[in-house]
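Text of target.cif, listed as mmCIF, C-alpha atoms and all ligand atoms:
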```
data_model
#
loop_
_atom_site.label_atom_id
_atom_site.label_comp_id
_atom_site.auth_asym_id
_atom_site.auth_seq_id
_atom_site.Cartn_x
_atom_site.Cartn_y
_atom_site.Cartn_z
CA MET P 1 0.00 0.00 0.00
CA VAL P 2 1.43 3.41 -0.95
CA ASN P 3 0.10 6.24 1.20
CA GLY P 4 3.15 8.24 2.21
CA VAL P 5 6.44 9.32 0.70
CA THR P 6 7.02 7.43 -2.57
CA VAL P 7 10.13 6.33 -4.39
CA PRO P 8 9.50 8.74 -7.33
CA GLU P 9 9.12 11.60 -4.78
CA VAL P 10 12.48 10.71 -3.23
CA ARG P 11 14.07 10.47 -6.69
CA ALA P 12 12.61 13.88 -7.62
CA ARG P 13 14.26 15.55 -4.60
CA LYS P 14 17.64 15.50 -6.41
CA GLY P 15 19.17 18.92 -5.92
CA GLY P 16 16.04 20.11 -4.05
CA ARG P 17 14.97 20.12 -0.40
CA ARG P 18 17.39 17.91 1.49
CA LEU P 19 16.22 14.39 2.28
CA VAL P 20 16.17 13.21 5.90
CA MET P 21 16.56 9.51 6.66
CA ILE P 22 17.00 7.81 10.02
CA THR P 23 17.20 4.17 11.00
CA ALA P 24 14.50 2.46 13.06
CA TYR P 25 14.16 -1.16 14.02
CA ASP P 26 10.80 -1.46 15.77
CA THR P 27 7.30 0.01 15.95
CA PRO P 28 7.87 2.64 18.67
CA GLY P 29 11.12 3.81 17.05
CA ALA P 30 9.40 4.15 13.68
CA ARG P 31 6.50 6.10 15.25
CA ILE P 32 8.93 8.47 16.99
CA ALA P 33 10.90 9.07 13.78
CA ASP P 34 7.75 9.53 11.69
CA ALA P 35 6.26 12.01 14.16
CA ALA P 36 9.43 14.08 13.66
CA GLY P 37 8.64 14.28 9.93
CA VAL P 38 11.55 12.36 8.42
CA ASP P 39 11.28 11.39 4.75
CA LEU P 40 12.72 7.89 4.94
CA ILE P 41 13.11 5.23 7.61
CA LEU P 42 15.90 2.75 7.04
CA VAL P 43 15.52 -0.62 8.71
CA GLY P 44 19.29 -0.95 8.69
CA ASP P 45 21.30 -4.10 9.23
CA SER P 46 22.87 -1.90 11.93
CA VAL P 47 20.09 -3.54 13.98
CA ALA P 48 23.03 -5.91 14.62
CA ASN P 49 25.02 -3.41 16.70
CA ASN P 50 22.19 -1.30 18.03
CA VAL P 51 19.61 -3.87 19.06
CA LEU P 52 20.92 -7.42 18.79
CA GLY P 53 24.26 -6.91 20.57
CA TYR P 54 26.59 -7.99 17.75
CA ASP P 55 29.89 -6.24 16.95
CA ASP P 56 29.21 -5.99 13.22
CA THR P 57 26.44 -6.48 10.68
CA LEU P 58 27.66 -9.81 9.33
CA GLN P 59 25.54 -11.80 11.78
CA VAL P 60 22.19 -10.44 10.59
CA THR P 61 19.97 -12.77 8.55
CA VAL P 62 17.00 -12.26 6.24
CA ASP P 63 14.81 -13.72 9.03
CA ASP P 64 16.08 -11.00 11.41
CA MET P 65 15.46 -8.27 8.85
CA GLU P 66 12.01 -9.59 7.98
CA ARG P 67 10.95 -9.43 11.64
CA HIS P 68 12.27 -5.88 12.13
CA VAL P 69 10.84 -4.61 8.83
CA ALA P 70 7.43 -5.99 9.81
CA ALA P 71 7.66 -4.27 13.20
CA VAL P 72 8.52 -0.94 11.55
CA ALA P 73 5.78 -1.39 8.94
CA ARG P 74 3.20 -1.83 11.72
CA ALA P 75 3.83 1.84 12.63
CA HIS P 76 2.17 2.78 9.26
CA THR P 77 4.53 5.67 8.72
CA ARG P 78 4.27 8.49 6.22
CA ALA P 79 8.02 8.06 5.72
CA LEU P 80 9.15 5.60 3.07
CA VAL P 81 10.46 2.41 4.69
CA VAL P 82 13.66 1.06 3.12
CA ALA P 83 15.13 -2.26 4.26
CA ASP P 84 18.74 -3.37 4.18
CA LEU P 85 19.46 -6.57 2.34
CA PRO P 86 21.76 -8.31 4.82
CA TRP P 87 25.14 -9.80 4.02
CA LEU P 88 24.96 -12.96 1.82
CA SER P 89 21.33 -12.34 0.93
CA TYR P 90 22.29 -10.94 -2.51
CA HIS P 91 25.84 -12.17 -3.05
CA SER P 92 25.01 -15.51 -4.65
CA GLY P 93 23.24 -14.00 -7.62
CA PRO P 94 20.19 -12.14 -8.87
CA ALA P 95 17.62 -14.92 -8.36
CA SER P 96 18.19 -15.36 -4.63
CA ALA P 97 18.50 -11.57 -4.25
CA VAL P 98 15.02 -11.14 -5.76
CA THR P 99 13.59 -13.85 -3.49
CA ASN P 100 15.13 -12.31 -0.37
CA ALA P 101 14.20 -8.73 -1.32
CA GLY P 102 10.66 -9.93 -2.03
CA ARG P 103 10.40 -11.23 1.52
CA LEU P 104 11.34 -7.78 2.85
CA VAL P 105 8.85 -6.05 0.55
CA ARG P 106 6.11 -8.46 1.67
CA ALA P 107 7.08 -7.63 5.27
CA GLY P 108 6.37 -3.96 4.51
CA ALA P 109 9.43 -2.36 2.90
CA GLY P 110 8.92 0.12 0.06
CA GLY P 111 12.43 -0.52 -1.26
CA VAL P 112 15.68 -2.25 -0.39
CA LYS P 113 19.26 -1.06 0.06
CA LEU P 114 22.36 -3.02 -0.87
CA GLU P 115 26.07 -2.33 -0.55
CA GLY P 116 28.60 -2.18 -3.36
CA GLY P 117 29.09 -0.77 -6.84
CA ARG P 118 29.83 -2.36 -10.20
CA LYS P 119 29.97 -5.88 -8.70
CA ARG P 120 26.28 -5.55 -7.87
CA LEU P 121 24.89 -4.27 -11.17
CA GLY P 122 23.34 -7.60 -12.17
CA VAL P 123 21.52 -7.75 -8.85
CA VAL P 124 20.33 -4.13 -9.06
CA GLU P 125 18.97 -4.77 -12.57
CA ALA P 126 17.21 -7.99 -11.51
CA LEU P 127 15.60 -6.23 -8.55
CA THR P 128 14.44 -3.26 -10.58
CA ASP P 129 13.15 -5.68 -13.27
CA ALA P 130 11.15 -7.31 -10.46
CA GLU P 131 9.74 -3.83 -9.64
CA ILE P 132 11.64 -3.63 -6.35
CA PRO P 133 13.12 -0.15 -5.85
CA VAL P 134 16.81 -0.23 -4.91
CA MET P 135 18.96 2.21 -2.96
CA GLY P 136 22.74 1.88 -3.41
CA HIS P 137 25.39 2.24 -0.69
CA LEU P 138 29.02 3.13 -1.43
CA GLY P 139 32.16 4.10 0.51
CA LEU P 140 32.57 2.63 3.97
CA THR P 141 30.26 -0.34 3.47
CA PRO P 142 30.02 -2.16 6.83
CA GLN P 143 29.35 -5.55 5.23
CA SER P 144 32.91 -5.31 3.76
CA VAL P 145 34.50 -4.85 7.19
CA LEU P 146 36.72 -7.92 6.80
CA ALA P 147 37.87 -7.00 3.30
CA MET P 148 38.48 -3.36 4.33
CA GLY P 149 40.41 -4.43 7.47
CA GLY P 150 38.14 -2.42 9.77
CA PHE P 151 35.72 0.48 9.63
CA LYS P 152 37.94 2.94 7.73
CA VAL P 153 37.21 6.08 5.77
CA GLN P 154 37.27 5.21 2.04
CA GLY P 155 38.02 7.18 -1.14
CA ARG P 156 41.05 9.09 0.09
CA GLY P 157 43.34 8.49 -2.90
CA GLY P 158 43.17 9.14 -6.67
CA GLU P 159 42.36 5.61 -7.77
CA ALA P 160 39.88 4.96 -4.94
CA ILE P 161 38.13 8.24 -5.73
CA ALA P 162 37.84 7.34 -9.40
CA ARG P 163 36.46 3.89 -8.47
CA LEU P 164 33.80 5.47 -6.27
CA GLN P 165 32.78 7.89 -9.04
CA GLU P 166 32.50 5.04 -11.53
CA ASP P 167 30.55 2.88 -9.07
CA ALA P 168 28.09 5.69 -8.39
CA SER P 169 27.49 6.34 -12.11
CA ALA P 170 27.10 2.62 -12.80
CA LEU P 171 24.57 2.21 -9.97
CA ALA P 172 22.58 5.21 -11.23
CA ASP P 173 22.61 3.78 -14.78
CA ALA P 174 21.43 0.42 -13.42
CA GLY P 175 18.38 2.10 -11.89
CA VAL P 176 18.93 2.84 -8.18
CA PHE P 177 16.67 5.62 -6.91
CA ALA P 178 19.22 7.02 -4.40
CA ILE P 179 22.71 6.26 -3.14
CA VAL P 180 23.97 6.31 0.45
CA LEU P 181 27.54 7.64 0.65
CA GLU P 182 29.19 6.58 3.89
CA GLY P 183 32.57 7.47 5.38
CA ILE P 184 34.17 9.33 2.49
CA PRO P 185 35.78 12.80 2.27
CA ASP P 186 33.29 15.64 1.80
CA ARG P 187 34.83 16.80 -1.52
CA VAL P 188 34.51 13.30 -2.97
CA ALA P 189 30.87 13.10 -1.85
CA GLN P 190 30.25 16.53 -3.36
CA SER P 191 31.71 15.57 -6.69
CA ILE P 192 29.71 12.31 -6.80
CA THR P 193 26.57 14.25 -5.82
CA GLU P 194 27.16 16.70 -8.67
CA SER P 195 27.73 13.92 -11.18
CA VAL P 196 24.88 11.46 -10.57
CA PRO P 197 21.23 12.06 -11.50
CA VAL P 198 19.84 10.45 -8.31
CA PRO P 199 19.93 11.84 -4.75
CA THR P 200 22.89 11.01 -2.55
CA ILE P 201 22.29 10.55 1.17
CA GLY P 202 25.40 11.05 3.28
CA ILE P 203 26.60 9.64 6.57
CA GLY P 204 30.08 10.80 7.40
CA ALA P 205 30.27 12.24 3.90
CA GLY P 206 30.03 16.00 4.49
CA ARG P 207 27.22 18.44 3.94
CA GLU P 208 27.00 18.61 0.15
CA CYS P 209 24.95 15.44 -0.30
CA ASP P 210 21.27 15.63 -1.28
CA GLY P 211 20.32 14.30 2.15
CA GLN P 212 21.64 12.90 5.41
CA VAL P 213 21.10 9.72 7.38
CA LEU P 214 21.98 8.91 10.99
CA VAL P 215 21.46 5.90 13.19
CA PHE P 216 18.54 6.36 15.64
CA HIS P 217 20.56 5.16 18.65
CA ASP P 218 23.52 7.44 17.82
CA LEU P 219 21.42 10.59 17.36
CA LEU P 220 19.45 9.98 20.57
CA GLY P 221 22.34 8.79 22.75
CA LEU P 222 20.89 5.33 23.25
CA GLY P 223 24.12 3.42 22.70
CA HIS P 224 26.83 2.44 25.16
CA LEU P 225 29.87 3.13 22.95
CA PRO P 226 31.43 6.46 21.91
CA VAL P 227 29.94 7.66 18.62
CA PRO P 228 31.94 8.44 15.46
CA ARG P 229 32.82 12.07 14.75
CA PHE P 230 30.17 12.44 12.06
CA VAL P 231 27.36 11.90 14.60
CA ARG P 232 25.67 14.86 16.21
CA GLN P 233 23.95 13.71 19.40
CA TYR P 234 20.70 15.52 20.19
CA ALA P 235 19.83 13.67 23.42
CA SER P 236 21.28 11.31 26.03
CA LEU P 237 18.39 8.92 26.34
CA ALA P 238 20.35 5.96 27.71
CA GLN P 239 21.58 8.11 30.60
CA ASP P 240 18.11 9.61 31.15
CA ALA P 241 16.50 6.16 31.10
CA SER P 242 18.96 4.70 33.63
CA ALA P 243 18.39 7.70 35.90
CA ALA P 244 14.59 7.25 35.64
CA ILE P 245 14.79 3.53 36.43
CA GLY P 246 17.11 4.36 39.33
CA ARG P 247 14.53 6.79 40.76
CA TRP P 248 11.83 4.10 40.51
CA ALA P 249 14.15 1.57 42.21
CA ASP P 250 14.67 4.05 45.09
CA ASP P 251 10.88 4.48 45.42
CA VAL P 252 10.37 0.70 45.51
CA ARG P 253 13.08 0.27 48.13
CA ASP P 254 11.80 3.03 50.44
CA GLY P 255 8.17 1.80 50.09
CA SER P 256 6.82 4.95 48.41
CA PHE P 257 5.92 3.03 45.23
CA PRO P 258 3.13 2.18 44.61
CA SER P 259 1.02 4.88 46.27
CA ASP P 260 -2.71 4.50 47.07
CA ASP P 261 -3.51 6.18 43.75
CA GLU P 262 -1.40 3.62 41.95
CA SER P 263 -3.21 0.69 43.67
CA TYR P 264 -6.62 -0.96 43.16
CA HIS P 265 -8.98 -1.06 46.16
CA LEU P 266 -11.91 -3.19 47.31
CA PRO P 267 -15.30 -1.48 46.54
CA GLU P 268 -16.09 -0.67 50.21
CA GLN P 269 -12.63 0.83 50.64
CA ALA P 270 -13.12 2.94 47.46
CA ALA P 271 -16.53 4.20 48.72
CA ARG P 272 -14.95 5.30 52.00
CA ASP P 273 -11.91 6.79 50.37
CA PRO P 274 -12.85 7.81 46.72
CA ARG P 275 -9.77 8.51 44.59
O1 LIG P 301 22.48 -0.12 8.54
C1 LIG P 301 22.60 1.12 8.60
O2 LIG P 301 22.36 1.75 9.65
C2 LIG P 301 23.07 1.83 7.42
C3 LIG P 301 23.30 3.30 7.55
C4 LIG P 301 24.58 3.53 8.25
C5 LIG P 301 23.28 3.99 6.25
O3 LIG P 301 23.27 1.24 6.41
#
```

What's the structure tokens form of this structure?
Ligand code: KIV
Amino acid sequence: MVNGVTVPEVRARKGGRRLVMITAYDTPGARIADAAGVDLILVGDSVANNVLGYDDTLQVTVDDMERHVAAVARAHTRALVVADLPWLSYHSGPASAVTNAGRLVRAGAGGVKLEGGRKRLGVVEALTDAEIPVMGHLGLTPQSVLAMGGFKVQGRGGEAIARLQEDASALADAGVFAIVLEGIPDRVAQSITESVPVPTIGIGAGRECDGQVLVFHDLLGLGHLPVPRFVRQYASLAQDASAAIGRWADDVRDGSFPSDDESYHLPEQAARDPR
């Protein structure tokens, strides 16, 4: 069902009003993000680090993603829901990629995101042929953490920059409706943004992209690890939540919770003492 932001609307924002995308992994998170008026919600495979307690995204399966996409979809957001295709769900070829992406669409995604450039063109074409909108993802692609030797900024040298440019153009030609640029120098992101006909959405890629994306837990201070330099934290919710639970624990221990108002009473007691 299409009753919010659509893929063609996102595509048409190239060079226009900046796109805002944030991750969400469950119904309350999606409701919170949607109430803030974001354009896109990414059910990222970063659910691995932020919700499931893994160190990287390589552990996430299509079953995991399907469950989280369905939870986000139950929020019935105006924002377009995009789902990450997890590692190995599109690496064995176009046919299995279409099957796996189809599961995420049936769970409620309005499009899927995959990592990589020219290597993935066959998959992008098969997905778009199957009418599944695809978002690309270039630069610091977390599913390549082993090959990259860690989470390192990409595209710092001449050849690497040229490869990124070519990958971005090839993805756009293959039919992606937007491209996430992650962990690359701002000038490189700017030049890619100026050269491709689809919106770029940056994370750690400077301010000249057509939009920005951040991880829900990073922006709201819900994580337990220090955040990368490209994150701006707008709240410290983990700290606030621990403090709130601590106050409740104090009230339980000193007997002030629950109060009479927070308790149910027998009818004769209520008649004597109406509250
Ligand atoms: O999974 C994720 O959170 C992402 C964003 C970092 C773009 O892919």

Discussion item. Can you pull out the residues contacting P:Gly139? Cut-off 7 Å, using all atoms listed in the file, and skip same-chain residues under 2 positions away; I want them as a list in words.
Written reply: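 Once the nearby chain positions are removed, what remains is Thr141, Gln154, Gly155, Leu181, Glu182, Gly183 and Ile184 of chain P.
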
Practice prompt. Residues within 10 Å of ligand LIG 301 (chain P) should be enumerated using all atoms listed in the file and returned as a VMD selection string.
Written response: chain P and resid 21 to 25 42 to 50 57 83 to 86 113 to 115 136 to 138 140 to 143 179 to 183 201 to 204 212 to 217

Practice prompt. For P:Val81, please output as a PyMOL selection string all residues within 12 Å (counting all atoms listed in the file; exclusion window: fewer than 6 positions along the same chain).
Written response: chain P and resi 1-7+10+21-27+30-31+33-34+38-44+68-75+104-105+107-113+133-135

Write out as lines of an AutoDock Vina configuration file an axis-aligned box for stretch 71-80 of chain P: all of its atoms listed in the file, 8 Å added on each side, centre and edge lengths in Å with one decimal.
```
center_x = 5.7
center_y = 2.1
center_z = 8.1
size_x = 23.0
size_y = 28.8
size_z = 26.1
```

Contact residues around P:Gly221 with only C-alpha atoms at 8 Å, ignoring same-chain residues under 6 positions, as a short mmCIF file (atom, residue, chain, number, x, y, z; two decimals) with C-alpha atoms, keeping the file's coordinate frame:
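Contents of result.cif, freshly written:
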```cif
data_model
loop_
_atom_site.label_atom_id
_atom_site.label_comp_id
_atom_site.auth_asym_id
_atom_site.auth_seq_id
_atom_site.Cartn_x
_atom_site.Cartn_y
_atom_site.Cartn_z
CA GLN P 233 23.95 13.71 19.40
CA TYR P 234 20.70 15.52 20.19
CA ALA P 235 19.83 13.67 23.42
CA SER P 236 21.28 11.31 26.03
CA LEU P 237 18.39 8.92 26.34
CA ALA P 238 20.35 5.96 27.71
CA GLN P 239 21.58 8.11 30.60
#
```

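Relative to atom CA of P:Cys209, atom CA of P:Ile192 is found at 8.6 Å.
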
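Candidate residues P:Asp129, P:Asp210, P:Asp64, P:Asp250 were compared for distance to P:Val51, and the nearest is P:Asp64, using only C-alpha atoms.
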
Worksheet item: Counting only C-alpha atoms, which of P:Gly117, P:His224, P:Glu131, P:Ala35 gets nearest to P:Arg163?
Response: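 The shortest atom-to-atom distance to P:Arg163 comes from P:Gly117.
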
Can you rebuild stretch 138-170 of chain P with N, CA and C atoms and give it as a PDB file, in the frame of the given file?
```pdb
ATOM      1  N   LEU P 138      27.606   3.156  -1.035  1.00  0.00           N
ATOM      2  CA  LEU P 138      29.020   3.130  -1.430  1.00  0.00           C
ATOM      3  C   LEU P 138      29.893   3.776  -0.352  1.00  0.00           C
ATOM      4  N   GLY P 139      31.197   3.502  -0.432  1.00  0.00           N
ATOM      5  CA  GLY P 139      32.160   4.100   0.510  1.00  0.00           C
ATOM      6  C   GLY P 139      32.498   3.098   1.585  1.00  0.00           C
ATOM      7  N   LEU P 140      32.334   3.533   2.852  1.00  0.00           N
ATOM      8  CA  LEU P 140      32.570   2.630   3.970  1.00  0.00           C
ATOM      9  C   LEU P 140      31.328   1.735   4.104  1.00  0.00           C
ATOM     10  N   THR P 141      31.403   0.589   3.469  1.00  0.00           N
ATOM     11  CA  THR P 141      30.260  -0.340   3.470  1.00  0.00           C
ATOM     12  C   THR P 141      30.504  -1.375   4.563  1.00  0.00           C
ATOM     13  N   PRO P 142      29.722  -1.326   5.661  1.00  0.00           N
ATOM     14  CA  PRO P 142      30.020  -2.160   6.830  1.00  0.00           C
ATOM     15  C   PRO P 142      30.039  -3.660   6.558  1.00  0.00           C
ATOM     16  N   GLN P 143      29.317  -4.108   5.518  1.00  0.00           N
ATOM     17  CA  GLN P 143      29.350  -5.550   5.230  1.00  0.00           C
ATOM     18  C   GLN P 143      30.713  -5.970   4.666  1.00  0.00           C
ATOM     19  N   SER P 144      31.565  -4.993   4.274  1.00  0.00           N
ATOM     20  CA  SER P 144      32.910  -5.310   3.760  1.00  0.00           C
ATOM     21  C   SER P 144      33.966  -5.141   4.832  1.00  0.00           C
ATOM     22  N   VAL P 145      33.552  -5.157   6.113  1.00  0.00           N
ATOM     23  CA  VAL P 145      34.500  -4.850   7.190  1.00  0.00           C
ATOM     24  C   VAL P 145      35.726  -5.757   7.157  1.00  0.00           C
ATOM     25  N   LEU P 146      35.559  -7.014   6.808  1.00  0.00           N
ATOM     26  CA  LEU P 146      36.720  -7.920   6.800  1.00  0.00           C
ATOM     27  C   LEU P 146      37.647  -7.563   5.637  1.00  0.00           C
ATOM     28  N   ALA P 147      37.063  -7.342   4.471  1.00  0.00           N
ATOM     29  CA  ALA P 147      37.870  -7.000   3.300  1.00  0.00           C
ATOM     30  C   ALA P 147      38.564  -5.646   3.472  1.00  0.00           C
ATOM     31  N   MET P 148      37.892  -4.706   4.149  1.00  0.00           N
ATOM     32  CA  MET P 148      38.480  -3.360   4.330  1.00  0.00           C
ATOM     33  C   MET P 148      39.488  -3.342   5.480  1.00  0.00           C
ATOM     34  N   GLY P 149      39.491  -4.399   6.305  1.00  0.00           N
ATOM     35  CA  GLY P 149      40.410  -4.430   7.470  1.00  0.00           C
ATOM     36  C   GLY P 149      39.958  -3.498   8.578  1.00  0.00           C
ATOM     37  N   GLY P 150      38.659  -3.285   8.697  1.00  0.00           N
ATOM     38  CA  GLY P 150      38.140  -2.420   9.770  1.00  0.00           C
ATOM     39  C   GLY P 150      37.211  -1.377   9.184  1.00  0.00           C
ATOM     40  N   PHE P 151      36.641  -0.574  10.065  1.00  0.00           N
ATOM     41  CA  PHE P 151      35.720   0.480   9.630  1.00  0.00           C
ATOM     42  C   PHE P 151      36.540   1.737   9.330  1.00  0.00           C
ATOM     43  N   LYS P 152      36.997   1.863   8.084  1.00  0.00           N
ATOM     44  CA  LYS P 152      37.940   2.940   7.730  1.00  0.00           C
ATOM     45  C   LYS P 152      37.334   3.854   6.669  1.00  0.00           C
ATOM     46  N   VAL P 153      37.658   5.125   6.787  1.00  0.00           N
ATOM     47  CA  VAL P 153      37.210   6.080   5.770  1.00  0.00           C
ATOM     48  C   VAL P 153      37.749   5.625   4.407  1.00  0.00           C
ATOM     49  N   GLN P 154      36.901   5.674   3.385  1.00  0.00           N
ATOM     50  CA  GLN P 154      37.270   5.210   2.040  1.00  0.00           C
ATOM     51  C   GLN P 154      37.414   6.419   1.099  1.00  0.00           C
ATOM     52  N   GLY P 155      37.973   6.161  -0.089  1.00  0.00           N
ATOM     53  CA  GLY P 155      38.020   7.180  -1.140  1.00  0.00           C
ATOM     54  C   GLY P 155      38.956   8.338  -0.829  1.00  0.00           C
ATOM     55  N   ARG P 156      40.115   8.012  -0.264  1.00  0.00           N
ATOM     56  CA  ARG P 156      41.050   9.090   0.090  1.00  0.00           C
ATOM     57  C   ARG P 156      42.101   9.316  -0.993  1.00  0.00           C
ATOM     58  N   GLY P 157      42.289   8.326  -1.885  1.00  0.00           N
ATOM     59  CA  GLY P 157      43.340   8.490  -2.900  1.00  0.00           C
ATOM     60  C   GLY P 157      42.755   8.554  -4.295  1.00  0.00           C
ATOM     61  N   GLY P 158      43.610   8.928  -5.283  1.00  0.00           N
ATOM     62  CA  GLY P 158      43.170   9.140  -6.670  1.00  0.00           C
ATOM     63  C   GLY P 158      42.393   7.972  -7.234  1.00  0.00           C
ATOM     64  N   GLU P 159      43.000   6.764  -7.137  1.00  0.00           N
ATOM     65  CA  GLU P 159      42.360   5.610  -7.770  1.00  0.00           C
ATOM     66  C   GLU P 159      41.052   5.246  -7.057  1.00  0.00           C
ATOM     67  N   ALA P 160      41.084   5.305  -5.725  1.00  0.00           N
ATOM     68  CA  ALA P 160      39.880   4.960  -4.940  1.00  0.00           C
ATOM     69  C   ALA P 160      38.765   5.958  -5.238  1.00  0.00           C
ATOM     70  N   ILE P 161      39.144   7.215  -5.424  1.00  0.00           N
ATOM     71  CA  ILE P 161      38.130   8.240  -5.730  1.00  0.00           C
ATOM     72  C   ILE P 161      37.493   7.954  -7.092  1.00  0.00           C
ATOM     73  N   ALA P 162      38.354   7.629  -8.050  1.00  0.00           N
ATOM     74  CA  ALA P 162      37.840   7.340  -9.400  1.00  0.00           C
ATOM     75  C   ALA P 162      36.916   6.132  -9.364  1.00  0.00           C
ATOM     76  N   ARG P 163      37.298   5.104  -8.572  1.00  0.00           N
ATOM     77  CA  ARG P 163      36.460   3.890  -8.470  1.00  0.00           C
ATOM     78  C   ARG P 163      35.074   4.231  -7.902  1.00  0.00           C
ATOM     79  N   LEU P 164      35.079   5.085  -6.878  1.00  0.00           N
ATOM     80  CA  LEU P 164      33.800   5.470  -6.270  1.00  0.00           C
ATOM     81  C   LEU P 164      32.912   6.210  -7.272  1.00  0.00           C
ATOM     82  N   GLN P 165      33.531   7.127  -8.012  1.00  0.00           N
ATOM     83  CA  GLN P 165      32.780   7.890  -9.040  1.00  0.00           C
ATOM     84  C   GLN P 165      32.162   6.936 -10.045  1.00  0.00           C
ATOM     85  N   GLU P 166      32.992   5.972 -10.507  1.00  0.00           N
ATOM     86  CA  GLU P 166      32.500   5.040 -11.530  1.00  0.00           C
ATOM     87  C   GLU P 166      31.388   4.154 -10.957  1.00  0.00           C
ATOM     88  N   ASP P 167      31.574   3.714  -9.709  1.00  0.00           N
ATOM     89  CA  ASP P 167      30.550   2.880  -9.070  1.00  0.00           C
ATOM     90  C   ASP P 167      29.229   3.631  -8.962  1.00  0.00           C
ATOM     91  N   ALA P 168      29.314   4.898  -8.561  1.00  0.00           N
ATOM     92  CA  ALA P 168      28.090   5.690  -8.390  1.00  0.00           C
ATOM     93  C   ALA P 168      27.370   5.859  -9.726  1.00  0.00           C
ATOM     94  N   SER P 169      28.122   6.166 -10.787  1.00  0.00           N
ATOM     95  CA  SER P 169      27.490   6.340 -12.110  1.00  0.00           C
ATOM     96  C   SER P 169      26.872   5.029 -12.575  1.00  0.00           C
ATOM     97  N   ALA P 170      27.610   3.924 -12.340  1.00  0.00           N
ATOM     98  CA  ALA P 170      27.100   2.620 -12.800  1.00  0.00           C
ATOM     99  C   ALA P 170      25.820   2.255 -12.049  1.00  0.00           C
TER     100      ALA P 170
END
```
